[in-house]
Structures are given as structure tokens and as C-alpha cells.
Amino acid sequence: MSQEQPRWQVVRVNYPEDRSLLVRAHDLFYQPGEEGYVDWLCGENPYGTPFCNMAMDGDSIAGQYMTVPIKLAVGGKPVSGCLSLDTFTHENYRKQGIFTTLAERVYEDAERGGMRFTLGLPNENSRPGFLKSLRFTEPISYSVNALPLPLRRASSPSAARRAAAGWRRIGSTLERNLRIRTVDVLDPDWCDVLWERIQTSERWGHWKDGQFLDWRFNRNPKFSYRFIIAEEMGGRPAGYLAWCFEPPNSNGKCGAWVMDVDGLGLNVRLALLRHLTGEVSAEVDWIKSMHSPLSRYGRALTLSGFVPLRKRSLIFRPHGSGTTGMPNFAGRAVDLSTALADYL
């Protein structure tokens with residue numbers, strides 16, 4: 001085959017029929033040896049299997065475009081859509097229209113499958129293509145935010161532990177009538193009760209019922225998540241926080257990521273973040289998260305001392321010409337957190 005004139009064709013890829021092809025693509029372009037992660041992403045998502053097309057040149061994979069089903073809460077109701085991820089073009093096949101061709105095929109399939117929109121979190125290399133060639137917009141501000149924690153480097157381990165214990169005692173009024181504790185897993189039924197309590201007709205953002213949270217965090221084979229939950233004194237669910245450690249960087253510094261924090265009110269979210277800070281301040285140099293600043297999630301992080309670190313592109317494209325039930329970002333405080341996808 002000549003690299004100047006490659007021959008490729010578009011192939012619709014379905015799970016589980018094409019599992020081996022999806023695993024091979026992940027091995028080649030992402031991380032080898034993660035069959036369990038492919039099965040989790042493609043086969044265990046409670047909202048459905050991916051919409052995926054590949055460009056194939058014989059047995060060679062020239063490119064892939066994939067979206068996985070998600071749900072947004074719009075006016076108290078779930079609206080089905082997709083999250084764009086795991087998209088690539090082999091270096092020998094670039095500038096041949098593979099990216100746009102595969103993407104448009106996937107959007108057609110997704111619309112036929114009842115998906116009303118596609119969200120994406122592109123890197124700076126792919127962002128221009130989404131905006132210019134695929135008619136995406138950037139409807140809301142979205143950013144990586146960080147809370148510096150100097151205790152680990154500025155003091156001895158014992159002093160850091162004492163300071164962390166003091167931090168946990170500060171602000172106890174936030175926890176009046178609350179019981180906050182660490183758990184190994186998020187109980188799906190417990191999460192469903194909480195979601196029923198916090199999901200209202202005014203709420204707009206990510207749909208996070210027990211089924212989704214169980215899949216997203218408990219059963220994720222690639223990352224080990226930890227949880228802090230808040231309950232009212234009678235035992236009713238009041239809120240949760242999911243987080244994980246970040247691998248050390250080349251300078252030996254390490255951090256933690258807040259993947260999601262949600263609850264009945266701002267005081268609950270602030271109390272959960274305070275507990276996490278006290279728990280990890282002697283072990284890490286920072287805590288990071290991603291959020292939209294005007295959201296409930298974003299306000300809690302800002303009031304907890306998180307500061308913007310860098311912007312992150314969040315893109316949106318509606319499917320179809322109808323507007324009934326279509327997500328509308330204009331003028332809304334949208335609750336979208338790091339729970340959308342794994343970024344580490």
C-alpha cells in the first residue's frame with residue numbers, strides 16, 4: 001500500500017461482536033493489556049453500548065471515532081446523549097478526511113439510536129477540528145482547578161498529621177445534624193435515595209443515579225476510587241464525594257482528584273470537601289478537580305479555596321432539528337463535574 005494513496009473504508013463497530021477489534025485499537029493507540037477496561041467501557045455502561053466507526057485499510061486500523069451513551073438532567077428528566085472519547089487517526093492516514101467522515105457517521109447512528117446530543121472534552125490538538133469541521137460549540141466555561149496543600153512539604157510528617165486533624169475540627173458547624181464517614185463503595189440503592197432527594201425540576205446537569213455511580217466508580221477496573229458520604233442523623237443520605245490519588249510527577253509531588261461531590265445543599269458539599277482536605281493534606285501537595293464555575297459543584301469548590309489552574313474545552317453538538325427536550329446551556333448553571341470521564 002502506498003502511503004500517498006491509502007485505501008480505507010468505513011466500518012461500523014459493535015460490541016460485543018467486534019470486541020477483539022476494539023481491544024486491538026485500544027492496545028495500539030492507548031494502553032495495552034486493558035481488556036477489562038474495554039469491556040467495562042463498552043459492555044457494562046448502564047446507558048448502552050458505544051456508537052463507533054473505524055477506518056480500515058485491510059486489517060490495519062487507520063482511525064476510530066467513538067461516543068458512549070450518557071444522560072443529562074434537563075428539567076428534572078433524563079435526556080439521552082453521548083460523550084465523545086477514544087478518537088484517533090493513525091499518523092500514516094492523516095489529512096485524508098478520516099476524522100470528519102467517521103464522526104458524521106457516528107452522529108447519524110447516535111441520532112437514530114435516540115441520542116439527542118454529543119458532548120466532548122477535546123485536547124488542544126483536536127479542539128479546532130471539532131469546532132470548525134463538526135459544528136460544535138463551547139457553550140459554558142469549564143476548567144481544571146486546584147487547592148494547594150503545603151503541609152506535606154512544609155512540616156514534618158507528625159506536624160502535618162496534627163495540622164490535618166485540626167483542619168478536620170474546623171468548621172464543625174457545617175456538619176450540624178450530619179454524620180460523615182469513609183466507605184469502600186457507593187451503595188447503588190443509597191445513591192438512588194439521595195438522587196431522588198437532590199434531583200429537582202430546576203436542576204440541570206449530569207444525571208447521576210445509583211446505577212450510573214455504581215458503574216462509573218465502583219466497577220471501574222482502571223482506577224481505584226475512594227468515597228466519603230454524609231448522612232442525616234436519622235440515616236437518610238445527604239451527600240457523597242468520590243476521589244482518587246494522582247500518580248506522583250517527575251518532581252516527586254503527588255495529588256488527589258475530586259471526581260464528584262454532590263448533596264442536599266452547599267453546607268453538605270463544603271463539609272465533604274473539608275473532610276477530604278483533612279484526610280489527604282498530610283499525603284499530597286494539591287487537590288484538583290474540573291467543573292463549570294457557576295454550578296453547585298463549582299461554587300462548593302471555589303468556597304473551599306480551589307483556584308483556576310487552566311481552561312479546559314467542553315464542546316456540545318445537538319442532534320436533529322427538533323428542540324423539544326433538547327439541552328440548552330444558555331444562561332444556565334450546569335452541574336458537570338469530573339465524573340464525566342477519567343482524565344488521569
# chains A, B, ... in the order shown; residues from 1 in each chain; ligands from 1

call {"tool": "residues_around", "arguments": {"residues": "region 70-77 of chain A", "least_positions_apart": "2", "cutoff": "7 Å", "atoms": "only C-alpha atoms", "output": "MDAnalysis selection string"}}
result
chainID A and resid 47 68 79:83 199:207 327

call {"tool": "select_by_dssp", "arguments": {"residues": "region 78-325 of chain A", "states": "helix (DSSP H, G or I)", "output": "PyMOL selection string"}}
result
chain A and resi 91-93+98-112+127-133+151-154+157-169+172-175+188-198+210-218+266-280+296-303

call {"tool": "residues_around", "arguments": {"residues": "Tyr297 (chain A)", "least_positions_apart": "3", "cutoff": "12 Å", "atoms": "only C-alpha atoms", "output": "VMD selection string"}}
result
chain A and resid 142 145 203 to 206 239 to 241 258 to 270 272 to 273 289 to 294 300 to 304 306 333 to 339

call {"tool": "select_by_dssp", "arguments": {"residues": "region 1-222 of chain A", "states": "strand (DSSP E or B)", "output": "MDAnalysis selection string"}}
result
chainID A and resid 9:13 51:57 60:74 77:89 117:120 137 143:148 178:183 204:206

call {"tool": "atom_distance", "arguments": {"atom1": "CA of Gly43 (chain A)", "atom2": "CA of Asp209 (chain A)"}}
result
18.6 Å

call {"tool": "closest_residue", "arguments": {"among": "A:Arg216, A:Arg197, A:Arg310, A:Lys288", "to": "Phe245 (chain A)", "atoms": "only C-alpha atoms"}}
result
A:Lys288

call {"tool": "closest_residue", "arguments": {"among": "A:Leu194, A:Gly298, A:Pro150, A:Phe223", "to": "Thr277 (chain A)", "atoms": "only C-alpha atoms"}}
result
A:Pro150

call {"tool": "closest_residue", "arguments": {"among": "A:Ile287, A:Leu28, A:His319, A:Ser141", "to": "Gly114 (chain A)", "atoms": "only C-alpha atoms"}}
result
A:His319

call {"tool": "residues_around", "arguments": {"residues": "Asp109 (chain A)", "least_positions_apart": "2", "cutoff": "12 Å", "atoms": "only C-alpha atoms", "output": "PyMOL selection string"}}
result
chain A and resi 12-14+50-53+65-69+81-82+102-107+111-118+319-320

call {"tool": "closest_residue", "arguments": {"among": "A:Asn328, A:Asn123, A:Ser295, A:Thr100", "to": "Arg135 (chain A)", "atoms": "only C-alpha atoms"}}
result
A:Thr100

call {"tool": "residues_around", "arguments": {"residues": "Glu175 (chain A)", "least_positions_apart": "4", "cutoff": "9 Å", "atoms": "only C-alpha atoms", "output": "number ranges by chain"}}
result
A: 171, 179-180, 230, 267-268, 271

call {"tool": "write_last_selection", "arguments": {"atoms": "C-alpha atoms", "output": "mmCIF file, in the first residue's frame"}}
result
data_model
loop_
_atom_site.group_PDB
_atom_site.id
_atom_site.type_symbol
_atom_site.label_atom_id
_atom_site.label_comp_id
_atom_site.auth_asym_id
_atom_site.auth_seq_id
_atom_site.Cartn_x
_atom_site.Cartn_y
_atom_site.Cartn_z
ATOM 1 C CA GLY A 171 -15.933 24.326 60.598
ATOM 2 C CA ARG A 179 -22.722 12.101 60.105
ATOM 3 C CA ILE A 180 -19.750 11.957 57.707
ATOM 4 C CA ALA A 230 -22.759 12.308 54.517
ATOM 5 C CA ASN A 267 -23.188 23.066 53.513
ATOM 6 C CA VAL A 268 -23.089 19.324 52.798
ATOM 7 C CA ALA A 271 -18.365 19.598 54.730
#

call {"tool": "atom_distance", "arguments": {"atom1": "CA of Glu196 (chain A)", "atom2": "CA of Ile229 (chain A)"}}
result
16.1 Å

call {"tool": "closest_residue", "arguments": {"among": "A:His90, A:Arg226, A:Arg274, A:Arg236", "to": "Asn177 (chain A)", "atoms": "only C-alpha atoms"}}
result
A:Arg236

call {"tool": "residues_around", "arguments": {"residues": "Leu186 (chain A)", "least_positions_apart": "3", "cutoff": "10 Å", "atoms": "only C-alpha atoms", "output": "short mmCIF file (atom, residue, chain, number, x, y, z; two decimals) with N, CA and C atoms, in the first residue's frame"}}
result
data_model
loop_
_atom_site.label_atom_id
_atom_site.label_comp_id
_atom_site.auth_asym_id
_atom_site.auth_seq_id
_atom_site.Cartn_x
_atom_site.Cartn_y
_atom_site.Cartn_z
N VAL A 183 -16.35 5.26 53.19
CA VAL A 183 -16.86 3.94 52.82
C VAL A 183 -16.04 3.40 51.67
N ASP A 189 -28.36 1.57 45.93
CA ASP A 189 -29.68 1.90 46.48
C ASP A 189 -29.61 3.18 47.32
N TRP A 190 -28.54 3.32 48.10
CA TRP A 190 -28.32 4.54 48.89
C TRP A 190 -28.23 5.74 47.95
N CYS A 191 -27.51 5.58 46.84
CA CYS A 191 -27.36 6.67 45.87
C CYS A 191 -28.69 7.02 45.20
N GLY A 210 -28.06 5.80 41.05
CA GLY A 210 -27.23 4.75 41.64
C GLY A 210 -26.62 3.82 40.62
N LEU A 213 -23.57 5.69 39.08
CA LEU A 213 -22.45 5.85 40.01
C LEU A 213 -21.79 4.52 40.33
N ASP A 214 -22.58 3.45 40.41
CA ASP A 214 -22.01 2.12 40.64
C ASP A 214 -21.09 1.72 39.50
N PHE A 217 -17.86 4.43 39.20
CA PHE A 217 -16.83 4.45 40.22
C PHE A 217 -16.54 3.07 40.82
N ASN A 218 -17.57 2.35 41.27
CA ASN A 218 -17.33 1.08 41.96
C ASN A 218 -16.70 0.03 41.06
N TYR A 225 -11.17 4.24 43.20
CA TYR A 225 -11.79 5.41 43.78
C TYR A 225 -12.10 5.20 45.25
N ARG A 226 -12.13 6.31 45.99
CA ARG A 226 -12.44 6.31 47.40
C ARG A 226 -13.64 7.24 47.63
N PHE A 227 -14.34 7.01 48.74
CA PHE A 227 -15.61 7.71 48.92
C PHE A 227 -15.78 8.22 50.35
N ILE A 228 -16.37 9.40 50.46
CA ILE A 228 -16.80 9.97 51.72
C ILE A 228 -18.28 10.27 51.58
N ILE A 229 -19.10 9.84 52.54
CA ILE A 229 -20.53 10.07 52.44
C ILE A 229 -21.03 10.85 53.66
N TYR A 240 -22.34 12.80 48.90
CA TYR A 240 -21.18 11.92 48.70
C TYR A 240 -20.07 12.68 48.01
N LEU A 241 -18.86 12.17 48.16
CA LEU A 241 -17.69 12.69 47.46
C LEU A 241 -16.88 11.50 46.97
N ALA A 242 -16.53 11.49 45.70
CA ALA A 242 -15.68 10.44 45.11
C ALA A 242 -14.34 11.06 44.72
#
